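Enquirer: One structure, as structure tokens, below. Some questions next.
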Amino acid sequence: MPEETLLAFDYGTKKLGVAIGNTVLRQARPLDIILEPTRIGRFNRIAALIDTWRPERLVVGLALDTDGSDQYATNRCRRFAHQLEGRYRLPVELVDERGSSVQAQRIAGNAHDDAVAAAIILQRYFDATT
């Protein structure tokens with residue numbers, strides 16, 4: 001398998017957590033938190049990250065209810081994933097994000113935990129694709 005760089009996103013309507021990793025090390029790390037208030041601003045920041053890191057694949061956390069069913073945010077996450085795929089012509093994988101924010105809060109404490117949550121989501125992707 002060739003080496004791939006991946007960017008992962010913990011989608012939120014106010015904040016986007018971003019993480020990075022690659023398929024050789026298979027370890028995710030927090031990268032950034034996008035706090036842009038406008039959709040255009042968010043996608044400009046994402047474009048800058050893509051230009052800098054040149055990922056071959058993107059991962060988006062999929063918000064699901066505790067029982068695995070869809071919830072209100074599920075469709076927003078799917079829409080965001082489709083927008084990424086359409087804008088940047090990169091494959092996008094959806095990964096169950098249940099519990100990632102709680103886990104990130106334990107790790108990050110009172111700090112912004114969105115990028116940590118994105119790293120947890122990306123690590124789940126790596127762990128599931130071994």
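Ordered as shown in the structure tokens, chains take letters A, B, and onward, while each chain numbers its residues from 1 and ligands are numbered from 1 in the order shown.
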Got a sec: who's within 8 Å of stretch 70-80 of chain A, counting only C-alpha atoms, leaving out chain neighbours fewer than 5 positions off, as a list in words?
Expert: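 Answer for this query is Tyr11, Val60, Gly61, Leu62, Ala63, Leu64, Asp65 and Leu94 of chain A.
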Enquirer: Just asking: which residues within chain A are helix (DSSP H, G or I) according to DSSP, as a count of residues only?
Expert: 56
Enquirer: DSSP says strand (DSSP E or B) for which residues of stretch 5-121 of chain A? Put them as a ChimeraX atom specification?
Expert: /A:5-10,16-22,29-34,57-62,64,70,92-96
Enquirer: I'd like the contact shell of A:Pro91 - 9 Å cut-off, only C-alpha atoms, skipping same-chain residues fewer than 5 positions apart - returned as a ChimeraX atom specification.
Expert: /A:56-59,84-85
Enquirer: Keeping C-alpha atoms, export the residues of the selection given above as a PDB file, in the first residue's frame.
Expert:
```pdb
ATOM      1  CA  GLU A  56      -4.790  11.807  -0.678  1.00  0.00           C
ATOM      2  CA  ARG A  57      -7.907  11.132   1.420  1.00  0.00           C
ATOM      3  CA  LEU A  58     -10.176  12.953   3.875  1.00  0.00           C
ATOM      4  CA  VAL A  59     -12.054  11.553   6.866  1.00  0.00           C
ATOM      5  CA  LEU A  84     -15.399  18.301   0.590  1.00  0.00           C
ATOM      6  CA  GLU A  85     -15.461  15.595  -2.056  1.00  0.00           C
TER       7      GLU A  85
END
```
Enquirer: Give me, please, the distance in Å between atom CA of A:Arg124 and atom CA of A:Thr66, quoted to one decimal.
Expert: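 Separating atom CA of A:Arg124 from atom CA of A:Thr66 is a distance of 16.8 Å.
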Enquirer: What gap, in Å, lies between atom CA of A:Ser69 and atom CA of A:Ala28?
Expert: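 Computed distance, atom CA of A:Ser69 to atom CA of A:Ala28, equals 26.4 Å.
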Enquirer: What lies within 9 Å of A:Asp32 using only C-alpha atoms, ignoring chain neighbours under 5 positions off, as a list in words?
Expert: Leu16, Gly17, Val18, Ala19, Asp114 and Ala115 of chain A
Enquirer: Provide the atom CA of A:Gly68 to atom CA of A:Asp96 distance in Å, to one decimal place.
Expert: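 So the answer is 8.5 Å.
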Enquirer: Can you work out which one of A:Glu36, A:Leu122, A:Thr129, A:Phe43 has the shortest atom-to-atom distance to A:Gly86, counting only C-alpha atoms?
Expert: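 Going through A:Glu36, A:Leu122, A:Thr129, A:Phe43 one by one, the smallest distance to A:Gly86 is for A:Phe43.
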Enquirer: My list of candidates is A:Gln83, A:Thr38, A:Thr52, A:Asn22. Which is closest to A:Ala119 when distances are computed with only C-alpha atoms?
Expert: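 For A:Ala119, the nearest of the given residues is A:Asn22.
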Enquirer: Using only C-alpha atoms, which protein or nucleic acid residues come within 7 Å of A:Thr23? Drop anything in the same chain fewer than 4 positions from it, and give the result as a PyMOL selection string.
Expert: chain A and resi 3-5
